[in-house]
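Heads up, work.pdb below (PDB, C-alpha atoms):
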```
ATOM      1  CA  MET A   1     286.704-283.171  27.126
ATOM      2  CA  GLN A   2     284.083-285.604  28.448
ATOM      3  CA  ARG A   3     285.896-285.695  31.769
ATOM      4  CA  ARG A   4     285.887-281.866  31.969
ATOM      5  CA  GLN A   5     282.158-281.772  31.112
ATOM      6  CA  PHE A   6     281.466-284.386  33.748
ATOM      7  CA  LEU A   7     283.446-282.425  36.306
ATOM      8  CA  GLY A   8     281.681-279.214  35.286
ATOM      9  CA  ARG A   9     278.227-280.766  35.708
ATOM     10  CA  GLY A  10     279.289-282.214  39.015
ATOM     11  CA  LEU A  11     280.531-278.877  40.280
ATOM     12  CA  PHE A  12     277.270-277.200  39.172
ATOM     13  CA  ALA A  13     275.207-279.821  40.985
ATOM     14  CA  ALA A  14     277.359-279.476  44.084
ATOM     15  CA  ALA A  15     277.025-275.678  43.987
ATOM     16  CA  ALA A  16     273.239-275.996  43.647
ATOM     17  CA  LEU A  17     273.119-278.340  46.630
ATOM     18  CA  VAL A  18     275.237-275.981  48.712
ATOM     19  CA  ALA A  19     273.099-272.979  47.714
ATOM     20  CA  GLY A  20     269.944-274.928  48.470
ATOM     21  CA  GLY A  21     271.327-275.959  51.839
ATOM     22  CA  LEU A  22     272.299-272.395  52.707
ATOM     23  CA  THR A  23     268.863-271.141  51.614
ATOM     24  CA  TRP A  24     267.086-273.723  53.731
ATOM     25  CA  ARG A  25     269.258-272.962  56.764
ATOM     26  CA  SER A  26     268.583-269.256  56.350
ATOM     27  CA  PHE A  27     264.845-269.930  56.081
ATOM     28  CA  SER A  28     264.877-272.231  59.100
ATOM     29  CA  SER A  29     266.727-269.629  61.147
ATOM     30  CA  ASP A  30     264.295-266.854  60.181
ATOM     31  CA  LEU A  31     261.289-269.082  60.854
ATOM     32  CA  SER A  32     262.611-270.003  64.291
ATOM     33  CA  ARG A  33     263.065-266.321  65.126
ATOM     34  CA  ALA A  34     259.548-265.547  63.864
ATOM     35  CA  ARG A  35     258.060-268.253  66.057
ATOM     36  CA  ALA A  36     260.088-267.183  69.068
ATOM     37  CA  ARG A  37     258.964-263.559  68.622
ATOM     38  CA  THR A  38     255.426-264.325  69.818
ATOM     39  CA  LEU A  39     256.259-266.875  72.524
ATOM     40  CA  GLY A  40     255.508-265.852  76.083
ATOM     41  CA  ARG A  41     254.052-262.485  75.097
ATOM     42  CA  SER A  42     250.339-263.330  75.166
ATOM     43  CA  GLN A  43     247.627-264.863  77.299
ATOM     44  CA  THR A  44     244.363-266.609  76.456
ATOM     45  CA  ILE A  45     240.794-266.654  77.684
ATOM     46  CA  GLU A  46     237.919-268.955  76.811
ATOM     47  CA  SER A  47     235.260-267.065  74.866
ATOM     48  CA  ARG A  48     231.906-268.388  73.676
ATOM     49  CA  PHE A  49     233.705-269.161  70.385
ATOM     50  CA  GLY A  50     236.681-270.959  71.889
ATOM     51  CA  ARG A  51     240.135-269.822  72.888
ATOM     52  CA  MET A  52     241.019-266.166  72.368
ATOM     53  CA  GLU A  53     244.561-264.874  72.546
ATOM     54  CA  TYR A  54     245.475-261.355  73.597
ATOM     55  CA  ALA A  55     248.361-259.262  74.884
ATOM     56  CA  GLN A  56     248.676-255.917  76.632
ATOM     57  CA  ALA A  57     251.159-253.056  76.679
ATOM     58  CA  GLY A  58     251.343-249.493  77.941
ATOM     59  CA  SER A  59     249.492-247.743  80.728
ATOM     60  CA  GLY A  60     246.507-245.474  81.063
ATOM     61  CA  PRO A  61     242.884-245.909  80.007
ATOM     62  CA  PRO A  62     242.320-249.157  78.081
ATOM     63  CA  VAL A  63     241.868-249.215  74.298
ATOM     64  CA  LEU A  64     241.151-252.288  72.202
ATOM     65  CA  MET A  65     243.444-252.492  69.145
ATOM     66  CA  VAL A  66     242.218-254.888  66.457
ATOM     67  CA  HIS A  67     244.828-255.986  63.927
ATOM     68  CA  GLY A  68     244.502-256.231  60.164
ATOM     69  CA  THR A  69     245.054-259.013  57.655
ATOM     70  CA  GLY A  70     248.189-261.043  58.284
ATOM     71  CA  GLY A  71     248.416-259.922  61.871
ATOM     72  CA  GLY A  72     247.719-261.219  65.335
ATOM     73  CA  PHE A  73     248.190-259.676  68.762
ATOM     74  CA  ASP A  74     251.769-258.853  67.777
ATOM     75  CA  GLN A  75     250.705-256.668  64.851
ATOM     76  CA  GLY A  76     248.134-254.954  67.063
ATOM     77  CA  LEU A  77     250.796-254.082  69.634
ATOM     78  CA  ASP A  78     253.187-252.893  66.941
ATOM     79  CA  PHE A  79     250.591-250.705  65.237
ATOM     80  CA  ALA A  80     249.458-249.100  68.477
ATOM     81  CA  ALA A  81     252.958-248.637  69.919
ATOM     82  CA  PRO A  82     252.810-244.827  69.462
ATOM     83  CA  LEU A  83     249.809-244.789  71.831
ATOM     84  CA  ALA A  84     251.309-246.959  74.566
ATOM     85  CA  ALA A  85     252.761-244.041  76.540
ATOM     86  CA  ARG A  86     249.244-242.752  77.275
ATOM     87  CA  TRP A  87     246.955-245.746  76.751
ATOM     88  CA  ARG A  88     246.750-249.354  77.900
ATOM     89  CA  ILE A  89     246.747-251.289  74.634
ATOM     90  CA  ILE A  90     244.755-254.542  74.586
ATOM     91  CA  ALA A  91     245.493-256.438  71.381
ATOM     92  CA  PRO A  92     243.577-259.646  70.612
ATOM     93  CA  SER A  93     244.377-262.167  67.905
ATOM     94  CA  ARG A  94     241.281-262.471  65.738
ATOM     95  CA  PHE A  95     239.720-265.766  64.647
ATOM     96  CA  GLY A  96     242.248-268.056  62.977
ATOM     97  CA  TYR A  97     245.314-266.029  63.923
ATOM     98  CA  LEU A  98     248.086-267.521  66.055
ATOM     99  CA  ARG A  99     246.536-269.165  69.141
ATOM    100  CA  SER A 100     242.966-267.935  68.698
ATOM    101  CA  ALA A 101     240.277-270.444  67.741
ATOM    102  CA  PHE A 102     238.598-270.592  64.356
ATOM    103  CA  PRO A 103     234.882-271.229  64.982
ATOM    104  CA  ASP A 104     232.395-272.676  62.520
ATOM    105  CA  GLU A 105     230.967-269.205  61.847
ATOM    106  CA  PRO A 106     233.993-266.843  61.884
ATOM    107  CA  SER A 107     231.984-263.733  61.010
ATOM    108  CA  SER A 108     232.798-260.148  61.909
ATOM    109  CA  GLU A 109     229.676-260.145  64.083
ATOM    110  CA  HIS A 110     230.891-263.116  66.111
ATOM    111  CA  GLN A 111     234.338-261.596  66.449
ATOM    112  CA  ALA A 112     232.701-258.474  67.893
ATOM    113  CA  ASP A 113     230.843-260.662  70.383
ATOM    114  CA  ALA A 114     234.118-262.350  71.339
ATOM    115  CA  PHE A 115     235.547-258.937  72.215
ATOM    116  CA  VAL A 116     232.824-258.635  74.861
ATOM    117  CA  ASP A 117     233.967-261.914  76.402
ATOM    118  CA  LEU A 118     237.522-260.572  76.497
ATOM    119  CA  LEU A 119     236.399-257.366  78.210
ATOM    120  CA  ASP A 120     234.389-259.391  80.737
ATOM    121  CA  ALA A 121     237.444-261.523  81.514
ATOM    122  CA  LEU A 122     239.529-258.374  82.044
ATOM    123  CA  GLY A 123     236.865-256.653  84.137
ATOM    124  CA  ILE A 124     236.487-253.741  81.694
ATOM    125  CA  GLU A 125     233.046-252.217  81.238
ATOM    126  CA  ARG A 126     233.537-249.860  78.282
ATOM    127  CA  VAL A 127     236.407-249.282  75.909
ATOM    128  CA  PRO A 128     237.296-247.402  72.735
ATOM    129  CA  ILE A 129     238.141-249.696  69.841
ATOM    130  CA  ILE A 130     240.550-249.190  66.934
ATOM    131  CA  GLY A 131     240.246-251.478  63.924
ATOM    132  CA  GLY A 132     242.856-251.463  61.173
ATOM    133  CA  SER A 133     242.128-252.643  57.618
ATOM    134  CA  ALA A 134     240.121-255.908  57.848
ATOM    135  CA  GLY A 135     240.097-255.387  61.625
ATOM    136  CA  ALA A 136     237.778-252.435  61.054
ATOM    137  CA  LEU A 137     234.976-254.867  60.187
ATOM    138  CA  PRO A 138     234.638-256.402  63.681
ATOM    139  CA  ALA A 139     235.433-253.024  65.248
ATOM    140  CA  LEU A 140     232.434-251.455  63.504
ATOM    141  CA  GLN A 141     230.303-254.466  64.420
ATOM    142  CA  PHE A 142     231.370-254.054  68.040
ATOM    143  CA  ALA A 143     230.090-250.461  67.967
ATOM    144  CA  ILE A 144     226.836-251.573  66.289
ATOM    145  CA  ARG A 145     226.098-254.647  68.396
ATOM    146  CA  HIS A 146     227.421-253.529  71.783
ATOM    147  CA  PRO A 147     226.894-249.771  72.133
ATOM    148  CA  ASP A 148     226.930-250.059  75.917
ATOM    149  CA  ARG A 149     230.498-251.457  75.804
ATOM    150  CA  CYS A 150     231.922-249.129  73.131
ATOM    151  CA  SER A 151     232.995-245.617  74.128
ATOM    152  CA  ALA A 152     234.500-244.661  70.738
ATOM    153  CA  VAL A 153     235.499-246.309  67.467
ATOM    154  CA  VAL A 154     238.363-245.606  65.070
ATOM    155  CA  ALA A 155     238.241-247.216  61.626
ATOM    156  CA  MET A 156     241.775-247.016  60.216
ATOM    157  CA  VAL A 157     242.191-247.700  56.474
ATOM    158  CA  PRO A 158     238.912-249.631  56.785
ATOM    159  CA  ALA A 159     238.362-252.629  54.507
ATOM    160  CA  ALA A 160     234.643-251.916  54.754
ATOM    161  CA  HIS A 161     231.713-251.480  52.397
ATOM    162  CA  ALA A 162     231.458-248.368  50.239
ATOM    163  CA  PRO A 163     228.378-248.015  48.000
ATOM    164  CA  GLY A 164     229.184-247.592  44.329
ATOM    165  CA  ARG A 165     232.895-248.135  44.725
ATOM    166  CA  PRO A 166     234.354-250.077  41.790
ATOM    167  CA  PRO A 167     235.856-253.445  42.735
ATOM    168  CA  VAL A 168     239.442-253.409  43.905
ATOM    169  CA  GLU A 169     241.734-253.854  40.919
ATOM    170  CA  PRO A 170     242.429-257.580  40.433
ATOM    171  CA  PRO A 171     245.956-258.612  41.370
ATOM    172  CA  ASP A 172     248.521-258.973  38.609
ATOM    173  CA  PRO A 173     249.801-262.507  37.908
ATOM    174  CA  LEU A 174     252.711-262.205  40.318
ATOM    175  CA  ALA A 175     250.492-260.836  43.092
ATOM    176  CA  GLN A 176     247.942-263.578  42.424
ATOM    177  CA  ALA A 177     250.676-266.204  42.700
ATOM    178  CA  ILE A 178     251.711-264.702  46.028
ATOM    179  CA  ILE A 179     248.125-264.830  47.302
ATOM    180  CA  THR A 180     247.475-268.325  45.972
ATOM    181  CA  HIS A 181     250.688-270.041  47.026
ATOM    182  CA  ALA A 182     252.881-267.987  49.347
ATOM    183  CA  LEU A 183     250.128-267.458  51.924
ATOM    184  CA  LYS A 184     249.880-271.214  52.397
ATOM    185  CA  SER A 185     253.557-271.975  52.919
ATOM    186  CA  ASP A 186     256.074-270.529  55.345
ATOM    187  CA  PHE A 187     258.884-271.311  52.928
ATOM    188  CA  LEU A 188     257.229-269.751  49.875
ATOM    189  CA  PHE A 189     256.276-266.659  51.865
ATOM    190  CA  TRP A 190     259.840-266.314  53.150
ATOM    191  CA  LEU A 191     261.218-266.870  49.649
ATOM    192  CA  GLY A 192     258.898-264.204  48.235
ATOM    193  CA  THR A 193     259.985-261.614  50.797
ATOM    194  CA  SER A 194     263.631-262.530  50.178
ATOM    195  CA  LEU A 195     263.550-262.497  46.368
ATOM    196  CA  ASN A 196     260.915-259.885  45.515
ATOM    197  CA  GLU A 197     260.093-257.718  48.496
ATOM    198  CA  ASP A 198     258.625-254.995  46.283
ATOM    199  CA  ALA A 199     255.999-257.348  44.872
ATOM    200  CA  MET A 200     255.062-258.489  48.377
ATOM    201  CA  ILE A 201     254.750-254.895  49.609
ATOM    202  CA  ARG A 202     252.582-254.037  46.632
ATOM    203  CA  ALA A 203     250.361-257.130  46.869
ATOM    204  CA  LEU A 204     250.015-257.599  50.635
ATOM    205  CA  LEU A 205     250.556-254.112  52.073
ATOM    206  CA  ALA A 206     248.782-252.302  49.198
ATOM    207  CA  THR A 207     251.516-249.699  49.176
ATOM    208  CA  ASP A 208     253.768-248.323  46.464
ATOM    209  CA  PRO A 209     257.254-249.758  47.082
ATOM    210  CA  GLY A 210     258.690-246.451  45.847
ATOM    211  CA  LEU A 211     257.216-244.743  48.915
ATOM    212  CA  VAL A 212     259.065-247.166  51.147
ATOM    213  CA  LYS A 213     262.367-246.669  49.331
ATOM    214  CA  ALA A 214     262.015-242.895  49.619
ATOM    215  CA  ALA A 215     261.359-243.048  53.374
ATOM    216  CA  GLY A 216     263.996-242.822  56.087
ATOM    217  CA  PRO A 217     265.747-245.905  57.478
ATOM    218  CA  ALA A 218     263.513-246.225  60.544
ATOM    219  CA  GLU A 219     260.356-246.040  58.465
ATOM    220  CA  GLN A 220     261.684-248.534  55.941
ATOM    221  CA  ALA A 221     262.442-250.902  58.817
ATOM    222  CA  ARG A 222     258.915-250.464  60.232
ATOM    223  CA  VAL A 223     257.231-251.315  56.918
ATOM    224  CA  ARG A 224     259.502-254.273  56.240
ATOM    225  CA  ALA A 225     258.773-255.551  59.739
ATOM    226  CA  ILE A 226     255.026-255.475  59.043
ATOM    227  CA  LEU A 227     255.626-257.685  56.022
ATOM    228  CA  ARG A 228     258.184-260.053  57.525
ATOM    229  CA  ASN A 229     256.239-260.437  60.766
ATOM    230  CA  ILE A 230     253.444-262.180  58.880
ATOM    231  CA  LEU A 231     255.790-265.172  59.206
ATOM    232  CA  PRO A 232     254.938-267.814  60.330
ATOM    233  CA  VAL A 233     252.116-267.498  57.830
ATOM    234  CA  SER A 234     251.061-271.075  58.600
ATOM    235  CA  ALA A 235     249.917-269.882  62.047
ATOM    236  CA  ARG A 236     247.805-267.148  60.466
ATOM    237  CA  ALA A 237     246.559-268.862  57.299
ATOM    238  CA  ARG A 238     242.964-269.523  58.397
ATOM    239  CA  GLY A 239     242.558-265.935  59.533
ATOM    240  CA  LEU A 240     244.105-264.643  56.313
ATOM    241  CA  LEU A 241     241.782-266.685  54.118
ATOM    242  CA  ASN A 242     238.777-265.657  56.198
ATOM    243  CA  ASP A 243     239.760-261.997  55.844
ATOM    244  CA  ALA A 244     240.029-262.465  52.090
ATOM    245  CA  ARG A 245     236.469-263.777  52.083
ATOM    246  CA  LEU A 246     235.058-261.002  54.278
ATOM    247  CA  ALA A 247     237.023-258.002  53.033
ATOM    248  CA  TYR A 248     237.359-258.503  49.274
ATOM    249  CA  GLU A 249     233.727-257.498  48.703
ATOM    250  CA  PRO A 250     232.637-256.423  52.200
ATOM    251  CA  ALA A 251     228.952-256.594  52.976
ATOM    252  CA  PRO A 252     227.002-253.478  54.005
ATOM    253  CA  MET A 253     226.554-252.875  57.724
ATOM    254  CA  PRO A 254     223.940-250.765  59.538
ATOM    255  CA  ILE A 255     226.620-248.274  60.570
ATOM    256  CA  GLU A 256     223.991-245.550  60.869
ATOM    257  CA  ARG A 257     223.096-247.224  64.182
ATOM    258  CA  ILE A 258     226.512-246.437  65.696
ATOM    259  CA  THR A 259     226.132-243.990  68.563
ATOM    260  CA  ALA A 260     229.731-243.895  69.805
ATOM    261  CA  PRO A 261     232.038-241.075  68.658
ATOM    262  CA  THR A 262     233.606-242.284  65.413
ATOM    263  CA  LEU A 263     236.741-241.445  63.456
ATOM    264  CA  ALA A 264     237.348-242.809  59.953
ATOM    265  CA  LEU A 265     240.908-242.475  58.673
ATOM    266  CA  SER A 266     242.459-243.274  55.304
ATOM    267  CA  LEU A 267     245.095-242.264  52.759
ATOM    268  CA  GLU A 268     244.406-241.222  49.201
ATOM    269  CA  ASP A 269     246.934-243.583  47.610
ATOM    270  CA  ASP A 270     245.902-246.696  49.536
ATOM    271  CA  ARG A 271     245.884-249.391  46.842
ATOM    272  CA  PHE A 272     243.040-251.163  48.681
ATOM    273  CA  GLN A 273     240.881-248.064  48.027
ATOM    274  CA  THR A 274     239.883-247.666  51.663
ATOM    275  CA  LEU A 275     239.292-243.937  51.221
ATOM    276  CA  ALA A 276     235.828-244.582  49.783
ATOM    277  CA  ALA A 277     234.931-246.701  52.808
ATOM    278  CA  ALA A 278     236.227-244.067  55.231
ATOM    279  CA  GLN A 279     234.203-241.387  53.457
ATOM    280  CA  HIS A 280     231.090-243.569  53.588
ATOM    281  CA  ILE A 281     231.551-244.103  57.325
ATOM    282  CA  ALA A 282     232.009-240.366  57.885
ATOM    283  CA  ARG A 283     228.870-239.559  55.876
ATOM    284  CA  THR A 284     226.705-242.238  57.459
ATOM    285  CA  VAL A 285     227.620-242.489  61.133
ATOM    286  CA  PRO A 286     226.087-239.597  63.080
ATOM    287  CA  SER A 287     228.663-236.899  63.887
ATOM    288  CA  ALA A 288     231.555-239.034  62.612
ATOM    289  CA  GLU A 289     234.883-237.403  61.809
ATOM    290  CA  LEU A 290     237.054-238.009  58.753
ATOM    291  CA  ALA A 291     240.857-237.773  58.556
ATOM    292  CA  VAL A 292     242.502-238.146  55.152
ATOM    293  CA  PHE A 293     246.202-238.024  54.297
ATOM    294  CA  PRO A 294     247.396-237.548  50.708
ATOM    295  CA  THR A 295     250.109-240.215  50.652
ATOM    296  CA  GLY A 296     251.357-243.159  52.663
ATOM    297  CA  GLY A 297     249.625-246.180  51.177
ATOM    298  CA  HIS A 298     247.796-248.758  53.238
ATOM    299  CA  VAL A 299     250.437-248.770  55.992
ATOM    300  CA  TRP A 300     250.766-244.955  56.240
ATOM    301  CA  VAL A 301     254.408-244.765  55.121
ATOM    302  CA  GLY A 302     256.004-241.594  56.473
ATOM    303  CA  ARG A 303     252.793-240.691  58.322
ATOM    304  CA  GLU A 304     252.955-242.751  61.513
ATOM    305  CA  ALA A 305     253.404-239.768  63.832
ATOM    306  CA  GLU A 306     250.623-237.751  62.148
ATOM    307  CA  VAL A 307     248.236-240.697  62.015
ATOM    308  CA  PHE A 308     248.560-241.612  65.664
ATOM    309  CA  GLN A 309     248.573-238.009  66.840
ATOM    310  CA  THR A 310     245.204-237.733  65.097
ATOM    311  CA  VAL A 311     243.975-240.907  66.779
ATOM    312  CA  ASP A 312     245.296-239.848  70.196
ATOM    313  CA  ARG A 313     243.656-236.425  69.978
ATOM    314  CA  PHE A 314     240.353-238.010  68.981
ATOM    315  CA  LEU A 315     240.420-240.531  71.826
ATOM    316  CA  SER A 316     241.515-237.895  74.324
ATOM    317  CA  ARG A 317     238.555-235.688  73.424
ATOM    318  CA  HIS A 318     235.978-238.421  73.666
ATOM    319  CA  VAL A 319     237.251-240.940  76.216
ATOM    320  CA  ARG A 320     239.559-239.390  78.788
TER     321      ARG A 320
END
```
Take the structure in the file and write it out as structure tokens.
Amino acid sequence: MQRRQFLGRGLFAAAALVAGGLTWRSFSSDLSRARARTLGRSQTIESRFGRMEYAQAGSGPPVLMVHGTGGGFDQGLDFAAPLAARWRIIAPSRFGYLRSAFPDEPSSEHQADAFVDLLDALGIERVPIIGGSAGALPALQFAIRHPDRCSAVVAMVPAAHAPGRPPVEPPDPLAQAIITHALKSDFLFWLGTSLNEDAMIRALLATDPGLVKAAGPAEQARVRAILRNILPVSARARGLLNDARLAYEPAPMPIERITAPTLALSLEDDRFQTLAAAQHIARTVPSAELAVFPTGGHVWVGREAEVFQTVDRFLSRHVR
């Protein structure tokens, strides 16, 4: 009996070691692919705030696409892919993301100023700017601070100030654990997406996982790619934490000073409650337009074609 128990415990330990080894190899393989995905796709310039990474895709008039939380130039290119047939997409990595510097004062205002340095390096005088989620903060600041360089602004699911809006609902314990721990470790982030993808979609993409499951295969793949492409999170951690500081309770901006044509776009079931911010932008910015979709969550599940048709029509009216 003792010998059988000993053998049983030994087999269990061996199985655990094998499973752990397989898990680690799977993680290492996925992490290597994630790192390789951004290699050789971007360039850098030296801005007044240090190195700034960017990439380009598509052809036509230039448009600056500013990524959201967890992104980088790669997310910007992916988000704006539906526009690339008619527009030249310029996608920077914001402060603390991938190869971009993280200055002492990583404010939205300074990020907007860094965009000017990028345009100067590319020889572009004026450009429309699209800012998604937390990327809407520097996009709006760009329109406020540099009206001579901004031909139009699109605030998509903007993580911006909205007077009187109740605070975003605090994360549940699982979501808080994800935010506290998984965003600081490539392995924990990978493990979270592998073991509980729904919780990660709910916490990080502010979208009902049921919407994703009800969508078609291509749309499910797009949403899962947004989540999984946050890896390597270690290369985006400083930007992520800075976004959490700036966007959790975003400060008011003098958006009434914006003179460029403006479109604010949101979805009613966005769990980050960006609809209130979009409505505030539309009410406050002179002649601003508002586009609202009833469902889709923070990453516009099932609405990609409609969303970017709306953006393309707006830009075509005001820029081309």
Give me the residues near region 96-109 of chain A as a PyMOL selection string, where near means some atom within 7 Å (using only C-alpha atoms) and where sequence neighbours in that chain fewer than 6 positions away do not count.
chain A and resi 49-53+72+137-138+141+235-236+238-239
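Distance check against Gln309 (chain A) using all atoms listed in the file: of A:Arg271, A:Arg228, A:Arg86, A:Arg25, the minimum falls on A:Arg86.
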Expected selection from the PyMOL selection byres ((chain A and resi 201) around 10), given as JSON, numbers by chain:
{"A": [175, 193, 196, 197, 198, 199, 200, 202, 203, 204, 205, 206, 207, 208, 209, 212, 223, 224, 226, 227, 298, 299]}
Name all residues at most 9 Å from Arg37 (chain A) (count only C-alpha atoms; drop same-chain ones fewer than 4 positions away) and give them as a list in words.
Ser32, Arg33, Arg41, Asp74 and Asn229 of chain A
With only C-alpha atoms as the basis for distance, which of A:Leu290, A:Ala114, A:Ala91, A:Val153 is at the shortest distance from Leu77 (chain A)?
A:Ala91
Could you list, as a ChimeraX atom specification, every residue within 8 Å of region 258-268 of chain A, counting all atoms listed in the file and ignoring same-chain residues fewer than 5 positions away?
/A:143-144,147,150-158,273-275,278-279,281-282,285-298,300,311,314,318
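For the set A:Leu64, A:Met253, A:Ala112, A:Leu83, the residue with the smallest atom-to-atom gap to Arg126 (chain A) is A:Leu64, counting all atoms listed in the file.
In this model, the gap between CA of Ser194 (chain A) and CA of Gly68 (chain A) comes to 22.5 Å.
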Just want the 12 Å neighbourhood of Ile124 (chain A), counted on all atoms listed in the file, with same-chain residues fewer than 6 positions away dropped. Output as a PyMOL selection string.
chain A and resi 61-64+88+90+115-118+148-151
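Counting all atoms listed in the file and comparing A:Ala221, A:Lys184, A:Ala214, A:His161, the residue that lies closest to Pro254 (chain A) is A:His161.
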Region 31-50 of chain A: axis-aligned bounding box, 4 Å on each side, centre and edge lengths in Å, one decimal, as lines of an AutoDock Vina configuration file:
```
center_x = 247.5
center_y = -266.7
center_z = 69.3
size_x = 39.2
size_y = 16.5
size_z = 24.8
```
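Here CA of Thr69 (chain A) is placed at a distance of 8.3 Å from CA of Ala244 (chain A).
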